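Visitor: Have a look at this one before I ask anything.
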Amino acid sequence: MSGFFWWGIFPYICGTILVVAAVYRIVFRGISWHAPSTEIFEKKWLRVGSLLFHWGIIFAFFGHVMGVLIPISVYEAMGVSDHMYHVFAIAGGGAAGLMVVLGLIVLLIRKMTNPKVSVHASFADYFTVIWLLLVAGLGTYMTIIYNTTVVAYEYRVSIGPWFRSLFTLQPDIQLMEGVPFLFQLHVIFSFILFAAIPFTQLVHMFSFPVRYPARAPQQYRSRDGYKNSRP
Amino acid sequence: MRIKAQVAMVMHLDKCIGCHTCSVTCKNTWTNRPGMEYVWYNNVETRPGPGYPKEWENTDRYKGGWTLRNGQLHLKAGGPVSKLANIFYNPNMASMDDFYEPWTYDFEHLHKSPKKDNIPVARPVSMITGKYIDKPEWGSNWDDDLAGGSEIVPMDPNVQKLQEHIALEYEKTFMMYLPRICEHCLNPSCVASCPSGALYKRDEDGIVLVDQDSCRGWRFCMNGCPYHKVYYNWNTHKAEKCNFCYPRTEAGLPTVCSETCVGRIRYIGVVLYDADKVKEAASVEDPKDLYEAQLSVFLDPNDPEVIEKAREAGINDSWIKSAQESPIYKMAMKWKIALPLHPEYRTLPMVWYVPPLSPIMNHITNEQELSVEGYIPAVDQMRIPMEYLASILSADDTSVIRRVLLKMAAMRVHMRAKTVGGIDEMKKSQLLKEAHTTVEELEDMARLLGVAKYNERFVIPTGRREMDDDLHYRYGACSIEELAPPEGMVTYPYGRSENG
């Protein structure tokens with residue numbers, strides 16, 4: 001029964017909160033949609049923390065795409081053996097995870113100790129960093145310690161298909177029943193993080209300016225056109 | 001030809017007394033809000049000095065403006081792709097220490113302090129952290145009037161560039177004031193630096209603005225602007241900048257800084273330019289040619305062909321008339337006495353400066369037997385080194401500065417001869433020849449610079465609201481027009497009869 005909630009209902013609750021709250025924020029609180037940088041207050045530690053964290057989480061994201069979104073059959077078709085995959089996943093994922101964790105620790109200490117930064121840090125800011133640290137810490141522990149000391153857990157036949165089944169609205173709850181507790185916890189914490197995105201500064205990831213390189217360098221807007229472009 | 005109109009400003013530095021009235025009135029109008037305490041859209045710097053923020057002219061450090069590579073214009077801090085790669089941390093951005101940590105004073109303590117042996121004092125309190133600052137070490141005008149002298153002056157990048165050692169002995173020191181606002185450039189590098197496309201140049205009047213709804217706070221504009229005139233509001237996490245007081249200029253009023261300038265140093269007017277020529281003008285090889293290249297972009301508002309083309313481009317007659325009477329056109333393009341600030345940044349700035357002349361007059365000793373030609377060496381040996389002015393206003397080309405200063409000196413000499421007398425014939429003098437000017441022109445200049453009537457200093461057409469076609473409709477329209485049900489629809493509540 002609890003399995004049905006956590007693997008069949010809970011992800012949808014979190015997904016719904018993410019979509020509804022994000023749409024609400026961009027429509028009714030659009031002015032608050034930004035990347036709230038504190039670089040103006042402190043640069044030295046931000047350089048270490050922010051670069052480690054951001055590049056680490058980008059690598060980690062693609063690692064999750066490889067492990068969770070891409071079916072194991074694709075690897076089999078490409079002739080990648082399980083051993084090869086796990087060596088690569090543990091090394092690459094472990095490095096990315098360490099970057100994220102280290103970066104977050106630097107950012108958290110900076111947030112707490114630099115007076116200019118800490119005085120303007122909100123609950124949401126702390127929640128973001130601490131929760132990310134929790135999720136990333138679990139993930140990194142699983143990747144580096146659990147996978148090498150207990151068993152190189154094959155999530156590509158359990159968590160992967162279950163996650164993909166969420167998108168078909170036919171969640172295959174059975175798949176998650178036998179998953180080790182640490183992995184289950186990582187998944188649940190991640191979904192809580194997804195649900196928290198629209199309430200935190202994390203929304204800025206959806207604003208990554210991908211169109212910038214393609215646009216004309218100089219922008220002209222006419223006051224008339226500007227006015228008419230508004231609803 | 002793609003004609004656009006631009007509102008522009010000239011500041012006559014000769015008349016600036018460094019009173020900071022412009023800064024204070026601007027501050028009170030625009031930046032007296034949380035997140036903007038450290039921001040001065042308008043600031044007045046004492047030069048030589050590091051300015052605000054410190055060393056803003058050090059383009060090697062902040063990487064502002066444009067640079068030419070293989071004949072192509074590139075953002076000095078890197079193009080879009082490298083910006084996206086650096087989006088997590090901007091190495092070139094100034095931090096608050098380069099501006100200053102704003103503070104107020106604990107005034108309340110003065111009347112709440114219990115009786116003590118010593119007089120209570122109002123200690124400085126940081127407006128960022130709310131904590132006491134034991135010892136403020138830098139502020140927006142910390143080095144006002146050369147305060148800090150030999151420690152502070154060498155921080156000026158223009159001073160570092162000068163070959164000769166600048167004497168800091170008391171009797172040889174020089175200084176000038178440099179009031180600065182956003183340049184509202186024709187080729188703004190802040191606009192090109194914005195990943196979100198939030199910064200834009202207004203079609204109607206060329207004012208560069210930040211769209212607060214689109215700004216995501218990526219901060220590349222901050223150091224993308226070589227003049228450091230785009231600021232980060234740490235409270236709203238958006239960029240904000242001088243908006244040329246557009247609510248005032250649209251109503252035909254001068255900006256607050258200009259309106260309140262006690263020295264009447266500021267002039268505002270419209271110029272017409274060909275937007276198609278901007279890129280070419282910004283891309284000339286030799287930085288010393290940039291000034292002339294920039295001048296070539298502007299169009300003569302009295303030329304019938306230009307007038308016709310301007311009308312076709314939707315510029316109405318009141319704007320064309322303003323362009324014809326524009327003090328900016330006279331000073332910057334016709335008389336060529338106003339120069340762009342750091343043309344070598346290749347942004348084609350639109351706030352122009354008449355270089356200061358005053359200190360040379362101390363140089364003239366034999367005033368009793370003064371000849372017109374005596375002013376020529378005086379200009380050449382003036383107290384503010386010509387190289388210093390050239391470093392700020394003409395990409396190190398001293399001949400441009402010399403010509404302007406000679407013209408300004410000639411104007412003084414001529415007006416002195418006219419009103420006081422005691423000076424020989426101006427018309428045939430070498431001074432007039434070297435200054436490339438005529439007596440008539442000098443008299444026109446003296447009127448605009450010296451008499452400086454309000455209506456001649458500020459020739460500002462109102463915003464082109466008459467081109468909004470629905471103004472008359474809106475005048476009589478219902479304020480809930482778009483919310484209200486369409487006309488003719490039965491709106492009485494359900495269940496209520498038409499008779500009742």
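We name chains A, B, ... following the order of the structure tokens; residues begin at 1 in each chain, and ligands are numbered from 1 as shown.
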I want to know what sits within 10 Å of Leu51 in chain A, based on only C-alpha atoms, with residues of the same chain fewer than 6 positions away left out; could you give that as a list in words?

Guide: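 That gives Trp45, Ile57, Met99, Val100 and Gly103 of chain A; Asn86, Ile87, Phe88 and Tyr89 of chain B.
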
Visitor: For the selection you just gave me, I'd like the residues written to a file as a PDB file, in the first residue's frame, keeping C-alpha atoms.

Guide:
```pdb
ATOM      1  CA  TRP A  45      34.340  31.481  -2.877  1.00  0.00           C
ATOM      2  CA  ILE A  57      25.178  18.977 -11.797  1.00  0.00           C
ATOM      3  CA  MET A  99      31.887  18.092  -7.719  1.00  0.00           C
ATOM      4  CA  VAL A 100      28.268  18.777  -6.805  1.00  0.00           C
ATOM      5  CA  GLY A 103      30.466  22.843  -4.564  1.00  0.00           C
TER       6      GLY A 103
ATOM      7  CA  ASN B  86      30.841  31.540 -18.150  1.00  0.00           C
ATOM      8  CA  ILE B  87      27.294  32.025 -16.974  1.00  0.00           C
ATOM      9  CA  PHE B  88      27.880  30.371 -13.580  1.00  0.00           C
ATOM     10  CA  TYR B  89      30.553  32.826 -12.597  1.00  0.00           C
TER      11      TYR B  89
END
```

Visitor: Could you tell me which residues of chain B sit within 9 Å of chain A when counting only C-alpha atoms, and give me the result as JSON, numbers by chain?

Guide: {"B": [79, 80, 81, 84, 86, 88, 89, 90, 91, 93, 94, 95, 96, 97, 128, 129, 130, 187, 188, 189, 191, 192, 193, 194, 195, 196, 197, 198, 199, 200, 201, 202, 203, 204, 206, 212, 213, 214, 215, 216, 217, 218, 219, 232, 234, 235, 236, 237, 238, 465, 467, 468]}

Visitor: Could you state the separation of CA of Pro11 in chain A and CA of Thr140 in chain A in Å, given to one decimal place?

Guide: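 Atom-to-atom, CA of Pro11 in chain A and CA of Thr140 in chain A are spaced 21.9 Å apart.
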
Visitor: Which residue, B:Ile307, B:Leu178, B:Leu299, B:Ile152, has the smallest gap to Pro355 in chain B when you use only C-alpha atoms?

Guide: B:Leu178

Visitor: Provide the CA of Pro53 in chain B to CA of Gly149 in chain B distance in Å, to one decimal place.

Guide: 17.6 Å

Visitor: I'd like the neighbourhood of range 380-389 of chain B as a list in words, where a residue qualifies if any of its atoms comes within 8 Å (using only C-alpha atoms), though same-chain residues fewer than 2 positions away should be ignored.

Guide: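 Returned residues: Asn158, Val159, Leu162, Lys172, Thr173, Phe174, Met175, Pro355, Pro359, Ile360, His363, Ile376, Pro377, Ala378, Ser391, Ile392, Leu393, Ser394, Asp396, Asp397, Thr398, Ile401 and Arg402 of chain B.
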
Visitor: Please provide the set of residues having any atom within 12 Å of Phe61 in chain A, restricted to only C-alpha atoms, with same-chain residues fewer than 5 positions apart removed, written as a ChimeraX atom specification.

Guide: /A:53-56,66-69,92-93,96-97,100,136,139

Visitor: Restricted to C-alpha atoms, what would the selected residues look like written as an mmCIF file, in the first residue's frame?

Guide:
```cif
data_model
loop_
_atom_site.group_PDB
_atom_site.id
_atom_site.type_symbol
_atom_site.label_atom_id
_atom_site.label_comp_id
_atom_site.auth_asym_id
_atom_site.auth_seq_id
_atom_site.Cartn_x
_atom_site.Cartn_y
_atom_site.Cartn_z
ATOM 1 C CA PHE A 53 28.307 22.788 -8.408
ATOM 2 C CA HIS A 54 26.943 23.906 -11.760
ATOM 3 C CA TRP A 55 29.291 21.910 -13.981
ATOM 4 C CA GLY A 56 28.941 18.929 -11.658
ATOM 5 C CA MET A 66 22.139 7.768 -19.544
ATOM 6 C CA GLY A 67 21.176 5.610 -16.591
ATOM 7 C CA VAL A 68 17.478 6.242 -16.194
ATOM 8 C CA LEU A 69 16.038 7.520 -19.464
ATOM 9 C CA GLY A 92 31.987 9.557 -14.245
ATOM 10 C CA GLY A 93 29.024 9.722 -11.907
ATOM 11 C CA ALA A 96 30.266 14.578 -11.029
ATOM 12 C CA GLY A 97 28.692 13.769 -7.686
ATOM 13 C CA VAL A 100 28.268 18.777 -6.805
ATOM 14 C CA ALA A 136 23.391 14.764 -4.205
ATOM 15 C CA GLY A 139 23.468 9.884 -4.949
#
```

Visitor: Separation of CA of Glu325 in chain B and CA of Thr29 in chain B, in Å?

Guide: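 We find that CA of Glu325 in chain B and CA of Thr29 in chain B lie 28.7 Å from each other.
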
Visitor: Check the DSSP output for the backbone and give back, as a list of chain:residue names, the residues of range 31-179 of chain B in strand (DSSP E).

Guide: B:Asn43, B:Val44, B:Glu45, B:Thr46, B:Arg47, B:Trp66, B:Thr67, B:Leu68, B:Arg69, B:Gln72, B:Leu73, B:His74, B:Leu75, B:Trp103, B:Thr104, B:Tyr105, B:Pro124, B:Val125, B:Ser126, B:Met176, B:Tyr177, B:Leu178, B:Pro179

Visitor: Can you pull out the residues contacting Phe163 in chain A? Cut-off 10 Å, using only C-alpha atoms, and skip same-chain residues under 6 positions away; I want them as a PyMOL selection string.

Guide: chain A and resi 7+11+68-69+171-173+175-176+187

Visitor: Could you tell me, as a PyMOL selection string, which residues of range 125-266 of chain B DSSP assigns to helix (DSSP H, G or I) when given the backbone?

Guide: chain B and resi 144-146+149-155+157-161+170-172+189-193+220-224+246-249+256-259

Visitor: Could you name the residues that touch Ile90 in chain A at 12 Å or less, counting only C-alpha atoms, but leaving out those on the same chain fewer than 4 positions away, as a VMD selection string?

Guide: chain A and resid 60 63 to 64 67 82 to 86 94 to 98 139 to 149 151 to 154

Visitor: Counting only C-alpha atoms, what is within 7 Å of range 340-354 of chain B, bar same-chain residues fewer than 3 positions away, as a list of chain:residue names?

Guide: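 The residues that qualify are B:Ala8, B:Met9, B:Val10, B:Met11, B:His12, B:Leu13, B:Gly65, B:Trp66, B:Glu183, B:His184, B:Cys185, B:Leu186, B:Asn187, B:Pro188, B:Ser189, B:Pro226, B:Ala282, B:Pro287, B:Leu290, B:Tyr291, B:Gln294, B:Ile337, B:Ile392, B:Leu393, B:Ser394, B:Ala395.
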